[in-house]
Amino acid sequence: MVQNILITGAGGYIGGNVLNDLSARKDGAFKDVKIIASVRQAAQVDQFTKLGFNAVQLDATDTRAVEDVVLKHEIDIVIHTAGGIEQTQVVNLIHALGARQKSLGEASKTYFIHAGVVTLFTPENGWPYGRATDADTDIFEKLKKLDDQHPIRITALKILEEGQKHNVQTLNIGIPLVYGTGTGPGRKISVNIPAMIRASKDARQVFKFETDARPPVAHIQDLSDLYVLLIEKILQGETPPQGEQGYYFAVAHQFSYWDLLSGLAKSLHQLGLVDDETVKTWPSWEAGADALGFPRAFIKGIAGSEGEMIAVKPFQLGWKPKWDEKRFLESIDEEIAAAEKFDTGKTSIFEVLVPSKA
Ligand SMILES: NC(=O)c1ccc[n+]([C@@H]2O[C@H](COP(=O)([O-])OP(=O)(O)OC[C@H]3O[C@@H](n4cnc5c(N)ncnc54)[C@H](OP(=O)(O)O)[C@@H]3O)[C@@H](O)[C@H]2O)c1
């Protein structure tokens, strides 16, 4: 019977919000569940413990430490938000869950729920097949046929392979661009929009890329709701599609980058943080990548991709996102206020990609 959940990256934006929401649920299937937050720093363990969370210090790249934590705390579900790209972490976690699965036998299942990246399914990230839905039964077959070295694709395939090898149920949440202020105890804001605000303030000018794009997006609370829904189904004894059928696109809506940047220019100018309301064009993708602090090699995939990524399975589970494009565009002042309050200029999510100026 599934009881214990480990959340990696609980000090981060997504992991922290999910930690908060799951911990708040004491009803029904959640009654006897123990949630353990994994963080990297000893000081975070103290901070989280004082707030009433169970916290462990863990570097997910440490094979022995990961296995120790999973076995000691009898973890049945890992919600992995500490790294969408790095293979060592996912291999360690699935391997450890495999050891736990062996001790449980066939009566109970173990789950690895990965925070993936939905824009893997865009032309800018090498997806040549056009429209993709998470209900496509051949999605992994198509990924396998792509003989490129895209790190997100390689990690997605590794998760599938390791899950099958170790008898662990693997689910891959295709995460879009996430916005909004998170409720977790650690990081409160995302990466993309705060980086645009920071770069605009630095240059005292808002810039856009030469082409507009309508990326798939979700508000942090809608994304967190999807996680809670999925966990609730598992705790209730349902076995959601997994493995080759385990993609879940957490796409609530899209928005236009150029609309966002026009709105940012107006609001930042009113606040005196840029010199005028115009939006200029970056001289090149590389210049924009450097100013935003994003890896040059992936800048078109990060800031210029749209494509058609259709969420089907989340809605079948009963997901009801509360945010849409209109509500998002009306919340630009909140995005700026959150960036002003919480932006530290730091994120680890691009750590394993090539350095920005390489
Ligand atoms: N936010 C988005 O818009 C977005 C979009 C698509 C996909 N995703 C994916 O969603 C995941 C979470 O994103 P996020 O925005 O929540 O990122 P985040 O705020 O940077 O959180 C990531 C957390 O993981 C921790 N971490 C990094 N390496 C670790 C390791 N080796 N062992 C243990 N913990 C480690 C970080 O710890 P420190 O605090 O010590 O650095 C951080 O707390 C990532 O995999 C990302 O690729 C996010």
# chains A, B, ... in the order shown; residues from 1 in each chain; ligands from 1
>>> residues_around(residues="Asn4 of chain A", least_positions_apart="5", cutoff="8 Å", atoms="only C-alpha atoms", output="list in words")
Val33, Lys34, Ile35, Ile36, His73, Glu74, Ile75, Asp76 and Ile77 of chain A
>>> residues_around(residues="Ala337 of chain A", least_positions_apart="3", cutoff="12 Å", atoms="only C-alpha atoms", output="list in words")
Gly180, Thr181, Lys188, Ile189, Ile193, Pro194, Ile197, Arg198, Leu264, Ser267, Leu268, Leu271, Leu273, Ser331, Ile332, Asp333, Glu334, Glu340, Lys341, Phe342 and Asp343 of chain A
>>> write_last_selection(atoms="C-alpha atoms", output="PDB file, in the first residue's frame")
ATOM      1  CA  GLY A 180       2.956  32.903 -11.032  1.00  0.00           C
ATOM      2  CA  THR A 181       4.149  33.164  -7.449  1.00  0.00           C
ATOM      3  CA  LYS A 188       8.922  31.439  -5.049  1.00  0.00           C
ATOM      4  CA  ILE A 189       9.358  32.344  -8.721  1.00  0.00           C
ATOM      5  CA  ILE A 193       9.623  35.777 -16.956  1.00  0.00           C
ATOM      6  CA  PRO A 194      11.832  36.884 -14.031  1.00  0.00           C
ATOM      7  CA  ILE A 197      12.248  41.448 -16.165  1.00  0.00           C
ATOM      8  CA  ARG A 198      15.851  41.344 -14.892  1.00  0.00           C
ATOM      9  CA  LEU A 264       6.050  44.370 -19.394  1.00  0.00           C
ATOM     10  CA  SER A 267       4.302  48.367 -16.569  1.00  0.00           C
ATOM     11  CA  LEU A 268       8.082  48.633 -16.134  1.00  0.00           C
ATOM     12  CA  LEU A 271       7.420  51.968 -12.401  1.00  0.00           C
ATOM     13  CA  LEU A 273      12.389  50.722 -14.282  1.00  0.00           C
ATOM     14  CA  SER A 331      -1.413  39.666 -14.031  1.00  0.00           C
ATOM     15  CA  ILE A 332       1.774  41.215 -15.464  1.00  0.00           C
ATOM     16  CA  ASP A 333       2.023  43.692 -12.568  1.00  0.00           C
ATOM     17  CA  GLU A 334       1.962  40.730 -10.147  1.00  0.00           C
ATOM     18  CA  GLU A 340      11.149  42.559  -7.504  1.00  0.00           C
ATOM     19  CA  LYS A 341      10.576  40.780  -4.207  1.00  0.00           C
ATOM     20  CA  PHE A 342      11.976  37.299  -4.821  1.00  0.00           C
ATOM     21  CA  ASP A 343      14.422  37.321  -7.758  1.00  0.00           C
TER      22      ASP A 343
END
>>> residues_near_ligand(ligand="ligand 1", cutoff="7 Å", atoms="only C-alpha atoms and all ligand atoms", output="count of residues only")
38
>>> residues_around(residues="segment 168-172 of chain A", least_positions_apart="6", cutoff="8 Å", atoms="only C-alpha atoms", output="list of chain:residue names")
A:Ile94, A:Leu97, A:Gly98, A:Gln101, A:Lys109, A:Thr110, A:Tyr111, A:Phe112, A:Ile113, A:His114, A:Ala115, A:Gly116, A:Ala156, A:Ile159, A:Leu160, A:Glu162, A:Pro241, A:Gln242, A:Gly243, A:Gly246, A:Tyr247, A:Tyr248
>>> write_last_selection(atoms="C-alpha atoms", output="PDB file, in the first residue's frame")
ATOM      1  CA  ILE A  94      14.724   4.826 -10.127  1.00  0.00           C
ATOM      2  CA  LEU A  97      12.904   2.686  -6.050  1.00  0.00           C
ATOM      3  CA  GLY A  98      13.671  -0.617  -7.773  1.00  0.00           C
ATOM      4  CA  GLN A 101      10.014  -2.465  -5.148  1.00  0.00           C
ATOM      5  CA  LYS A 109       3.898  -0.562  -6.790  1.00  0.00           C
ATOM      6  CA  THR A 110       6.545   2.153  -6.743  1.00  0.00           C
ATOM      7  CA  TYR A 111       6.311   5.355  -8.803  1.00  0.00           C
ATOM      8  CA  PHE A 112       8.804   7.807 -10.274  1.00  0.00           C
ATOM      9  CA  ILE A 113       7.145  11.053 -11.364  1.00  0.00           C
ATOM     10  CA  HIS A 114       9.493  13.199 -13.408  1.00  0.00           C
ATOM     11  CA  ALA A 115       9.341  16.934 -14.064  1.00  0.00           C
ATOM     12  CA  GLY A 116      10.120  16.863 -17.791  1.00  0.00           C
ATOM     13  CA  ALA A 156      13.125  10.830 -21.113  1.00  0.00           C
ATOM     14  CA  ILE A 159      13.664   7.079 -17.464  1.00  0.00           C
ATOM     15  CA  LEU A 160      11.566   4.697 -19.560  1.00  0.00           C
ATOM     16  CA  GLU A 162      15.354   2.289 -16.163  1.00  0.00           C
ATOM     17  CA  PRO A 241      -0.975   5.186 -17.522  1.00  0.00           C
ATOM     18  CA  GLN A 242       2.800   4.900 -17.143  1.00  0.00           C
ATOM     19  CA  GLY A 243       5.944   3.806 -18.949  1.00  0.00           C
ATOM     20  CA  GLY A 246       3.312   7.802 -19.140  1.00  0.00           C
ATOM     21  CA  TYR A 247       3.507  11.296 -20.629  1.00  0.00           C
ATOM     22  CA  TYR A 248       1.228  13.968 -19.096  1.00  0.00           C
TER      23      TYR A 248
END
>>> closest_residue(among="A:Gln270, A:Thr211, A:Thr155, A:Gln44", to="Ser305 of chain A", atoms="only C-alpha atoms")
A:Thr211
>>> residues_around(residues="Gly304 of chain A", least_positions_apart="6", cutoff="8 Å", atoms="only C-alpha atoms", output="list in words")
Glu124, Phe209, Thr211, Asp212, Ala213 and Pro215 of chain A
>>> write_last_selection(atoms="C-alpha atoms", output="PDB file, in the first residue's frame")
ATOM      1  CA  GLU A 124      12.980  24.117 -32.323  1.00  0.00           C
ATOM      2  CA  PHE A 209      13.399  38.102 -30.155  1.00  0.00           C
ATOM      3  CA  THR A 211      10.066  36.192 -34.160  1.00  0.00           C
ATOM      4  CA  ASP A 212       7.082  35.894 -31.860  1.00  0.00           C
ATOM      5  CA  ALA A 213       6.095  32.549 -30.359  1.00  0.00           C
ATOM      6  CA  PRO A 215       4.700  28.845 -25.862  1.00  0.00           C
TER       7      PRO A 215
END
>>> residues_around(residues="segment 217-228 of chain A", least_positions_apart="4", cutoff="9 Å", atoms="only C-alpha atoms", output="VMD selection string")
chain A and resid 13 to 15 17 to 19 21 to 22 25 79 173 175 to 183 190 232 to 233 250 to 255 314 317 to 324 328
>>> residues_around(residues="Asp202 of chain A", least_positions_apart="2", cutoff="12 Å", atoms="only C-alpha atoms", output="CSV table (one decimal) with C-alpha atoms, in the first residue's frame")
chain,number,residue,atom,x,y,z
A,195,ALA,CA,14.8,36.7,-16.4
A,196,MET,CA,13.0,38.9,-18.9
A,197,ILE,CA,12.2,41.4,-16.2
A,198,ARG,CA,15.9,41.3,-14.9
A,199,ALA,CA,17.3,41.8,-18.4
A,200,SER,CA,14.9,44.7,-19.1
A,204,ARG,CA,16.6,49.9,-19.0
A,205,GLN,CA,14.9,48.7,-22.2
A,206,VAL,CA,12.5,45.8,-23.0
A,207,PHE,CA,13.7,43.5,-25.8
A,268,LEU,CA,8.1,48.6,-16.1
A,273,LEU,CA,12.4,50.7,-14.3
A,274,VAL,CA,12.9,51.2,-18.1
A,275,ASP,CA,13.3,54.4,-20.0
A,291,ALA,CA,21.4,38.9,-21.5
A,292,LEU,CA,18.8,36.5,-20.2
A,345,GLY,CA,19.1,35.8,-10.3
>>> residues_around(residues="segment 279-289 of chain A", least_positions_apart="2", cutoff="9 Å", atoms="only C-alpha atoms", output="MDAnalysis selection string")
chainID A and resid 199 205:210 258 261:262 265 276:277 291:300 303 356:357
>>> select_by_dssp(residues="segment 160-352 of chain A", states="alpha helix (DSSP H)", output="PyMOL selection string")
chain A and resi 160-166+192-203+220-235+257-270+285-292+299-303+313-317+325-329+332-342
>>> closest_residue(among="A:Lys313, A:His95, A:Arg153, A:Lys72", to="Asp136 of chain A", atoms="only C-alpha atoms")
A:Lys313
>>> closest_residue(among="A:Thr63, A:Asn92, A:Gln245, A:Gln87", to="His166 of chain A", atoms="only C-alpha atoms")
A:Asn92
>>> atom_distance(atom1="atom CA of Thr137 of chain A", atom2="atom CA of Ile310 of chain A")
13.6 Å
>>> closest_residue(among="A:Met309, A:Ala37, A:Ala99, A:Ile231", to="Arg131 of chain A", atoms="only C-alpha atoms")
A:Met309
>>> atom_distance(atom1="atom CA of Glu244 of chain A", atom2="atom CA of Glu308 of chain A")
20.2 Å
>>> closest_residue(among="A:Ala43, A:Asp147, A:Ala55, A:Ala96", to="Asp68 of chain A", atoms="only C-alpha atoms")
A:Ala96
>>> decode(residues="segment 90-189 of chain A", atoms="C-alpha atoms", output="PDB file, in the first residue's frame")
ATOM      1  CA  VAL A  90      16.974   9.917 -12.438  1.00  0.00           C
ATOM      2  CA  VAL A  91      19.040   6.736 -12.668  1.00  0.00           C
ATOM      3  CA  ASN A  92      19.850   6.917  -8.930  1.00  0.00           C
ATOM      4  CA  LEU A  93      16.258   7.530  -7.924  1.00  0.00           C
ATOM      5  CA  ILE A  94      14.724   4.826 -10.127  1.00  0.00           C
ATOM      6  CA  HIS A  95      17.402   2.350  -9.112  1.00  0.00           C
ATOM      7  CA  ALA A  96      16.647   3.038  -5.435  1.00  0.00           C
ATOM      8  CA  LEU A  97      12.904   2.686  -6.050  1.00  0.00           C
ATOM      9  CA  GLY A  98      13.671  -0.617  -7.773  1.00  0.00           C
ATOM     10  CA  ALA A  99      15.364  -1.858  -4.596  1.00  0.00           C
ATOM     11  CA  ARG A 100      12.306  -0.747  -2.592  1.00  0.00           C
ATOM     12  CA  GLN A 101      10.014  -2.465  -5.148  1.00  0.00           C
ATOM     13  CA  LYS A 102      11.927  -5.739  -4.699  1.00  0.00           C
ATOM     14  CA  SER A 103      11.296  -5.626  -0.961  1.00  0.00           C
ATOM     15  CA  LEU A 104       7.577  -4.938  -1.531  1.00  0.00           C
ATOM     16  CA  GLY A 105       6.945  -7.726  -4.027  1.00  0.00           C
ATOM     17  CA  GLU A 106       4.112  -7.575  -6.543  1.00  0.00           C
ATOM     18  CA  ALA A 107       1.430  -6.557  -4.017  1.00  0.00           C
ATOM     19  CA  SER A 108       2.436  -2.908  -4.209  1.00  0.00           C
ATOM     20  CA  LYS A 109       3.898  -0.562  -6.790  1.00  0.00           C
ATOM     21  CA  THR A 110       6.545   2.153  -6.743  1.00  0.00           C
ATOM     22  CA  TYR A 111       6.311   5.355  -8.803  1.00  0.00           C
ATOM     23  CA  PHE A 112       8.804   7.807 -10.274  1.00  0.00           C
ATOM     24  CA  ILE A 113       7.145  11.053 -11.364  1.00  0.00           C
ATOM     25  CA  HIS A 114       9.493  13.199 -13.408  1.00  0.00           C
ATOM     26  CA  ALA A 115       9.341  16.934 -14.064  1.00  0.00           C
ATOM     27  CA  GLY A 116      10.120  16.863 -17.791  1.00  0.00           C
ATOM     28  CA  VAL A 117       9.969  19.607 -20.387  1.00  0.00           C
ATOM     29  CA  VAL A 118       7.030  19.704 -22.812  1.00  0.00           C
ATOM     30  CA  THR A 119       8.789  21.871 -25.398  1.00  0.00           C
ATOM     31  CA  LEU A 120      10.797  18.775 -26.271  1.00  0.00           C
ATOM     32  CA  PHE A 121       7.916  18.268 -28.729  1.00  0.00           C
ATOM     33  CA  THR A 122       8.618  21.400 -30.775  1.00  0.00           C
ATOM     34  CA  PRO A 123      10.468  21.816 -34.086  1.00  0.00           C
ATOM     35  CA  GLU A 124      12.980  24.117 -32.323  1.00  0.00           C
ATOM     36  CA  ASN A 125      13.897  21.161 -30.106  1.00  0.00           C
ATOM     37  CA  GLY A 126      14.162  18.756 -33.053  1.00  0.00           C
ATOM     38  CA  TRP A 127      10.641  17.217 -32.979  1.00  0.00           C
ATOM     39  CA  PRO A 128       9.804  16.695 -36.681  1.00  0.00           C
ATOM     40  CA  TYR A 129       6.341  15.099 -36.340  1.00  0.00           C
ATOM     41  CA  GLY A 130       4.146  18.184 -35.845  1.00  0.00           C
ATOM     42  CA  ARG A 131       1.249  18.071 -33.386  1.00  0.00           C
ATOM     43  CA  ALA A 132       1.879  15.911 -30.322  1.00  0.00           C
ATOM     44  CA  THR A 133      -0.542  14.843 -27.631  1.00  0.00           C
ATOM     45  CA  ASP A 134       0.246  13.028 -24.413  1.00  0.00           C
ATOM     46  CA  ALA A 135      -2.341  10.433 -25.501  1.00  0.00           C
ATOM     47  CA  ASP A 136      -0.307   9.458 -28.598  1.00  0.00           C
ATOM     48  CA  THR A 137       0.461   5.798 -27.991  1.00  0.00           C
ATOM     49  CA  ASP A 138       3.602   5.900 -30.149  1.00  0.00           C
ATOM     50  CA  ILE A 139       5.185   8.963 -28.543  1.00  0.00           C
ATOM     51  CA  PHE A 140       8.193   7.070 -27.167  1.00  0.00           C
ATOM     52  CA  GLU A 141       8.590   5.129 -30.419  1.00  0.00           C
ATOM     53  CA  LYS A 142       8.897   8.476 -32.183  1.00  0.00           C
ATOM     54  CA  LEU A 143      11.373   9.771 -29.582  1.00  0.00           C
ATOM     55  CA  LYS A 144      13.486   6.623 -30.010  1.00  0.00           C
ATOM     56  CA  LYS A 145      13.691   7.165 -33.781  1.00  0.00           C
ATOM     57  CA  LEU A 146      15.255  10.617 -33.319  1.00  0.00           C
ATOM     58  CA  ASP A 147      18.934   9.968 -33.367  1.00  0.00           C
ATOM     59  CA  ASP A 148      20.032  13.296 -31.924  1.00  0.00           C
ATOM     60  CA  GLN A 149      21.748  14.198 -28.681  1.00  0.00           C
ATOM     61  CA  HIS A 150      19.051  16.398 -27.148  1.00  0.00           C
ATOM     62  CA  PRO A 151      19.612  16.045 -23.388  1.00  0.00           C
ATOM     63  CA  ILE A 152      15.900  16.150 -22.474  1.00  0.00           C
ATOM     64  CA  ARG A 153      15.028  13.441 -25.012  1.00  0.00           C
ATOM     65  CA  ILE A 154      17.904  11.247 -23.842  1.00  0.00           C
ATOM     66  CA  THR A 155      16.759  11.639 -20.221  1.00  0.00           C
ATOM     67  CA  ALA A 156      13.125  10.830 -21.113  1.00  0.00           C
ATOM     68  CA  LEU A 157      14.245   7.613 -22.808  1.00  0.00           C
ATOM     69  CA  LYS A 158      16.565   6.758 -19.929  1.00  0.00           C
ATOM     70  CA  ILE A 159      13.664   7.079 -17.464  1.00  0.00           C
ATOM     71  CA  LEU A 160      11.566   4.697 -19.560  1.00  0.00           C
ATOM     72  CA  GLU A 161      14.415   2.191 -19.858  1.00  0.00           C
ATOM     73  CA  GLU A 162      15.354   2.289 -16.163  1.00  0.00           C
ATOM     74  CA  GLY A 163      11.713   2.057 -15.059  1.00  0.00           C
ATOM     75  CA  GLN A 164      11.182  -1.042 -17.192  1.00  0.00           C
ATOM     76  CA  LYS A 165      14.443  -2.578 -15.968  1.00  0.00           C
ATOM     77  CA  HIS A 166      13.665  -2.015 -12.272  1.00  0.00           C
ATOM     78  CA  ASN A 167       9.900  -2.609 -12.361  1.00  0.00           C
ATOM     79  CA  VAL A 168       9.158   0.983 -11.349  1.00  0.00           C
ATOM     80  CA  GLN A 169       6.127   2.871 -12.761  1.00  0.00           C
ATOM     81  CA  THR A 170       7.417   5.959 -14.555  1.00  0.00           C
ATOM     82  CA  LEU A 171       5.359   9.056 -15.299  1.00  0.00           C
ATOM     83  CA  ASN A 172       6.775  12.066 -17.123  1.00  0.00           C
ATOM     84  CA  ILE A 173       5.054  15.416 -16.575  1.00  0.00           C
ATOM     85  CA  GLY A 174       5.650  17.550 -19.676  1.00  0.00           C
ATOM     86  CA  ILE A 175       6.089  20.878 -17.918  1.00  0.00           C
ATOM     87  CA  PRO A 176       5.558  24.020 -19.996  1.00  0.00           C
ATOM     88  CA  LEU A 177       6.723  27.535 -19.137  1.00  0.00           C
ATOM     89  CA  VAL A 178       5.439  28.048 -15.585  1.00  0.00           C
ATOM     90  CA  TYR A 179       4.492  31.457 -14.187  1.00  0.00           C
ATOM     91  CA  GLY A 180       2.956  32.903 -11.032  1.00  0.00           C
ATOM     92  CA  THR A 181       4.149  33.164  -7.449  1.00  0.00           C
ATOM     93  CA  GLY A 182       4.753  29.807  -5.790  1.00  0.00           C
ATOM     94  CA  THR A 183       3.742  28.952  -2.248  1.00  0.00           C
ATOM     95  CA  GLY A 184       6.684  26.718  -1.320  1.00  0.00           C
ATOM     96  CA  PRO A 185       9.026  27.428   1.590  1.00  0.00           C
ATOM     97  CA  GLY A 186      12.006  28.043  -0.736  1.00  0.00           C
ATOM     98  CA  ARG A 187      12.113  29.517  -4.221  1.00  0.00           C
ATOM     99  CA  LYS A 188       8.922  31.439  -5.049  1.00  0.00           C
ATOM    100  CA  ILE A 189       9.358  32.344  -8.721  1.00  0.00           C
TER     101      ILE A 189
END
